[in-house]
Amino acid sequence: MKGFDVAVIGLGAMGSAALFNLAKGGHRAIGFEQFEPGHDKGSSHGESRAIRLSYFEHPSYVPLARRAYEAWRELERASGETILTVTGILEAGYPGSPVVEGSLAASRLHGLPHEVLTGPKINRRFPAFHLPPDWTGLFQPQGGFLRPELAIRQFVRLAEYHGAEIRTRMRVLGIEPSTAGIRIRSEADTIEVGSVTLATGPWISELAPELKPHLRLTRQVLGWFSPQDPAFFTPDRFPVFI
């Protein structure tokens, strides 16, 4: 049985990034994906994902987000692809909105560039929006969007370049302890690894059944639309928004 330091099961956004960094760090790594990297059946599917520095959920996200921006630019330099596009991000809401107040607090705490805007000012500056006059918004110039499927493909390609073994269209049937570490049974064979990273998203309970009682899977519907007036939706006139 061929041995590896680590196996990554599931090569979506999280799994492919983990595999790339493991391989780049010199670990003998193998990645399993039951479909093709960048497929349309998981949580990483689609044209875009928003990215921002200030998080209304909690200020502790900001240092992680700063490092993420650095890492995305590193991936762009390594791949030669544009993955992160900066458009700014607008977070708007009714008076006292937790979204606006939370992001404002995080921006102030970490010294992030930002502007507080009234509803009418937002409508004038970004004419695709029609917000109520009593609303306020927080504009962060460093927000933008990522191209998730492209990122996944580049993570996997570069992981392979750094020595990782990639197995696509390959289901993992089971993982279990062994004398050497962990035994992985796939549709093709059985291998021994030192450790395993599970990044299988909604399929995780198949390999870690003890998690099943604690999980509730939900479908997150995303959509992309062609605007009737494209001039309103250029990056300088239409930021990512919440």
# chains A, B, ... in the order shown; residues from 1 in each chain; ligands from 1
call {"tool": "residues_around", "arguments": {"residues": "A:Phe129", "least_positions_apart": "5", "cutoff": "12 Å", "atoms": "only C-alpha atoms", "output": "MDAnalysis selection string"}}
result
chainID A and resid 90:92 119:124 135 137 232:233 237:242
call {"tool": "closest_atom_pairs", "arguments": {"of": "stretch 133-205 of chain A", "to": "stretch 108-114 of chain A", "cutoff": "9 Å", "atoms": "only C-alpha atoms", "output": "JSON lines"}}
result
{"residue": "A:Leu138", "atom": "CA", "partner": "A:His114", "partner_atom": "CA", "distance": 6.7}
{"residue": "A:Phe139", "atom": "CA", "partner": "A:His114", "partner_atom": "CA", "distance": 5.5}
{"residue": "A:Gln140", "atom": "CA", "partner": "A:His114", "partner_atom": "CA", "distance": 4.7}
{"residue": "A:Pro141", "atom": "CA", "partner": "A:His114", "partner_atom": "CA", "distance": 6.7}
{"residue": "A:Gln142", "atom": "CA", "partner": "A:Pro113", "partner_atom": "CA", "distance": 7.9}
call {"tool": "write_last_selection", "arguments": {"atoms": "all heavy atoms", "output": "CSV table (one decimal), in the first residue's frame"}}
result
chain,number,residue,atom,x,y,z
A,138,LEU,N,-22.6,51.3,5.0
A,138,LEU,CA,-21.1,51.3,5.2
A,138,LEU,C,-20.5,50.8,3.9
A,138,LEU,O,-20.7,49.7,3.5
A,138,LEU,CB,-20.7,50.4,6.4
A,138,LEU,CG,-19.2,50.4,6.7
A,138,LEU,CD1,-18.9,51.6,7.4
A,138,LEU,CD2,-18.9,49.1,7.5
A,139,PHE,N,-19.6,51.7,3.4
A,139,PHE,CA,-18.9,51.3,2.2
A,139,PHE,C,-17.4,51.0,2.5
A,139,PHE,O,-16.8,51.8,3.1
A,139,PHE,CB,-18.9,52.4,1.1
A,139,PHE,CG,-18.2,52.1,-0.1
A,139,PHE,CD1,-18.7,51.2,-1.0
A,139,PHE,CD2,-17.0,52.7,-0.4
A,139,PHE,CE1,-17.9,50.8,-2.2
A,139,PHE,CE2,-16.2,52.4,-1.6
A,139,PHE,CZ,-16.7,51.5,-2.5
A,140,GLN,N,-17.0,49.8,2.2
A,140,GLN,CA,-15.6,49.4,2.4
A,140,GLN,C,-14.9,49.3,1.0
A,140,GLN,O,-15.3,48.4,0.2
A,140,GLN,CB,-15.5,48.1,3.1
A,140,GLN,CG,-16.1,48.0,4.4
A,140,GLN,CD,-16.1,46.6,5.0
A,140,GLN,OE1,-15.0,46.0,5.1
A,140,GLN,NE2,-17.2,46.0,5.3
A,141,PRO,N,-13.9,50.1,0.7
A,141,PRO,CA,-13.4,50.1,-0.7
A,141,PRO,C,-12.6,48.8,-1.0
A,141,PRO,O,-12.4,48.5,-2.2
A,141,PRO,CB,-12.4,51.3,-0.7
A,141,PRO,CG,-12.1,51.5,0.7
A,141,PRO,CD,-13.3,51.2,1.5
A,142,GLN,N,-12.2,48.0,0.0
A,142,GLN,CA,-11.4,46.8,-0.3
A,142,GLN,C,-12.2,45.5,-0.5
A,142,GLN,O,-11.7,44.5,-0.7
A,142,GLN,CB,-10.5,46.6,0.9
A,142,GLN,CG,-9.4,47.7,1.0
A,142,GLN,CD,-8.7,47.7,2.3
A,142,GLN,OE1,-9.3,47.8,3.4
A,142,GLN,NE2,-7.4,47.6,2.3
call {"tool": "atom_distance", "arguments": {"atom1": "atom CA of A:Thr118", "atom2": "atom CA of A:Thr136"}}
result
4.5 Å
call {"tool": "closest_residue", "arguments": {"among": "A:Leu11, A:Leu222, A:Leu211, A:Ala17", "to": "A:Phe32", "atoms": "only C-alpha atoms"}}
result
A:Leu11
call {"tool": "closest_residue", "arguments": {"among": "A:Gly38, A:Ala78, A:Gly3, A:Ser48", "to": "A:Ala159", "atoms": "only C-alpha atoms"}}
result
A:Ala78
call {"tool": "residues_around", "arguments": {"residues": "A:Thr82", "least_positions_apart": "4", "cutoff": "10 Å", "atoms": "only C-alpha atoms", "output": "list of chain:residue names"}}
result
A:Trp72, A:Arg73, A:Leu75, A:Glu76, A:Arg77, A:Leu146, A:Arg147, A:Leu150, A:Ala151
call {"tool": "decode", "arguments": {"residues": "stretch 107-139 of chain A", "atoms": "N, CA, C and O atoms", "output": "short mmCIF file (atom, residue, chain, number, x, y, z; two decimals), in the first residue's frame"}}
result
data_model
loop_
_atom_site.label_atom_id
_atom_site.label_comp_id
_atom_site.auth_asym_id
_atom_site.auth_seq_id
_atom_site.Cartn_x
_atom_site.Cartn_y
_atom_site.Cartn_z
N SER A 107 -14.69 47.79 11.59
CA SER A 107 -13.85 48.69 10.79
C SER A 107 -13.11 49.67 11.68
O SER A 107 -11.91 49.94 11.49
N ARG A 108 -13.82 50.23 12.66
CA ARG A 108 -13.19 51.19 13.56
C ARG A 108 -12.14 50.51 14.44
O ARG A 108 -11.05 51.05 14.66
N LEU A 109 -12.46 49.32 14.94
CA LEU A 109 -11.54 48.61 15.83
C LEU A 109 -10.22 48.30 15.13
O LEU A 109 -9.14 48.42 15.72
N HIS A 110 -10.31 47.90 13.85
CA HIS A 110 -9.11 47.47 13.13
C HIS A 110 -8.57 48.54 12.17
O HIS A 110 -7.63 48.26 11.41
N GLY A 111 -9.12 49.74 12.22
CA GLY A 111 -8.62 50.82 11.39
C GLY A 111 -8.76 50.59 9.90
O GLY A 111 -7.89 50.97 9.11
N LEU A 112 -9.87 49.99 9.50
CA LEU A 112 -10.10 49.71 8.08
C LEU A 112 -10.67 50.94 7.37
O LEU A 112 -11.53 51.62 7.93
N PRO A 113 -10.26 51.20 6.15
CA PRO A 113 -10.87 52.29 5.39
C PRO A 113 -12.37 52.05 5.20
O PRO A 113 -12.78 50.93 4.87
N HIS A 114 -13.18 53.08 5.45
CA HIS A 114 -14.63 52.92 5.29
C HIS A 114 -15.29 54.29 5.21
O HIS A 114 -14.72 55.29 5.60
N GLU A 115 -16.50 54.29 4.68
CA GLU A 115 -17.33 55.48 4.64
C GLU A 115 -18.72 55.12 5.14
O GLU A 115 -19.25 54.07 4.81
N VAL A 116 -19.32 56.03 5.93
CA VAL A 116 -20.71 55.88 6.34
C VAL A 116 -21.55 56.78 5.44
O VAL A 116 -21.28 57.97 5.32
N LEU A 117 -22.55 56.18 4.78
CA LEU A 117 -23.33 56.90 3.79
C LEU A 117 -24.82 56.85 4.14
O LEU A 117 -25.30 55.85 4.67
N THR A 118 -25.53 57.90 3.82
CA THR A 118 -26.99 57.90 3.96
C THR A 118 -27.62 57.19 2.77
O THR A 118 -26.98 57.00 1.72
N GLY A 119 -28.89 56.81 2.91
CA GLY A 119 -29.60 56.18 1.82
C GLY A 119 -29.60 57.01 0.55
O GLY A 119 -29.26 56.50 -0.53
N PRO A 120 -29.98 58.32 0.62
CA PRO A 120 -29.97 59.14 -0.60
C PRO A 120 -28.59 59.25 -1.25
O PRO A 120 -28.47 59.25 -2.48
N LYS A 121 -27.55 59.34 -0.42
CA LYS A 121 -26.20 59.45 -0.99
C LYS A 121 -25.81 58.15 -1.69
O LYS A 121 -25.17 58.17 -2.75
N ILE A 122 -26.20 57.03 -1.13
CA ILE A 122 -25.94 55.74 -1.78
C ILE A 122 -26.63 55.68 -3.14
O ILE A 122 -26.05 55.27 -4.15
N ASN A 123 -27.90 56.13 -3.17
CA ASN A 123 -28.66 56.08 -4.43
C ASN A 123 -28.04 56.97 -5.51
O ASN A 123 -28.06 56.61 -6.69
N ARG A 124 -27.49 58.11 -5.10
CA ARG A 124 -26.85 58.98 -6.09
C ARG A 124 -25.52 58.41 -6.57
O ARG A 124 -25.20 58.48 -7.77
N ARG A 125 -24.77 57.85 -5.66
CA ARG A 125 -23.44 57.36 -6.01
C ARG A 125 -23.50 56.03 -6.77
O ARG A 125 -22.70 55.80 -7.69
N PHE A 126 -24.45 55.19 -6.39
CA PHE A 126 -24.61 53.88 -7.03
C PHE A 126 -26.05 53.79 -7.53
O PHE A 126 -26.93 53.26 -6.84
N PRO A 127 -26.34 54.29 -8.73
CA PRO A 127 -27.73 54.50 -9.16
C PRO A 127 -28.54 53.23 -9.38
O PRO A 127 -29.76 53.32 -9.58
N ALA A 128 -27.93 52.05 -9.35
CA ALA A 128 -28.73 50.83 -9.44
C ALA A 128 -29.51 50.57 -8.15
O ALA A 128 -30.48 49.80 -8.14
N PHE A 129 -29.09 51.20 -7.04
CA PHE A 129 -29.77 51.02 -5.76
C PHE A 129 -30.88 52.05 -5.59
O PHE A 129 -30.77 53.19 -6.04
N HIS A 130 -31.95 51.64 -4.92
CA HIS A 130 -33.05 52.53 -4.56
C HIS A 130 -33.40 52.25 -3.11
O HIS A 130 -34.38 51.57 -2.80
N LEU A 131 -32.60 52.79 -2.20
CA LEU A 131 -32.76 52.51 -0.78
C LEU A 131 -33.67 53.54 -0.11
O LEU A 131 -33.72 54.70 -0.53
N PRO A 132 -34.38 53.16 0.94
CA PRO A 132 -35.21 54.11 1.68
C PRO A 132 -34.37 55.25 2.26
O PRO A 132 -33.20 55.06 2.61
N PRO A 133 -34.93 56.45 2.38
CA PRO A 133 -34.14 57.61 2.83
C PRO A 133 -33.62 57.48 4.25
O PRO A 133 -32.63 58.13 4.59
N ASP A 134 -34.27 56.66 5.11
CA ASP A 134 -33.80 56.55 6.49
C ASP A 134 -32.76 55.46 6.67
O ASP A 134 -32.25 55.25 7.78
N TRP A 135 -32.41 54.75 5.61
CA TRP A 135 -31.38 53.72 5.71
C TRP A 135 -29.99 54.36 5.73
O TRP A 135 -29.79 55.48 5.25
N THR A 136 -29.02 53.62 6.27
CA THR A 136 -27.62 54.00 6.20
C THR A 136 -26.82 52.85 5.61
O THR A 136 -27.30 51.72 5.54
N GLY A 137 -25.61 53.17 5.20
CA GLY A 137 -24.75 52.13 4.62
C GLY A 137 -23.30 52.35 5.01
O GLY A 137 -22.89 53.46 5.33
N LEU A 138 -22.57 51.27 4.97
CA LEU A 138 -21.12 51.31 5.20
C LEU A 138 -20.45 50.83 3.93
O LEU A 138 -20.72 49.71 3.46
N PHE A 139 -19.61 51.67 3.36
CA PHE A 139 -18.88 51.30 2.15
C PHE A 139 -17.43 51.02 2.51
O PHE A 139 -16.75 51.85 3.10
#
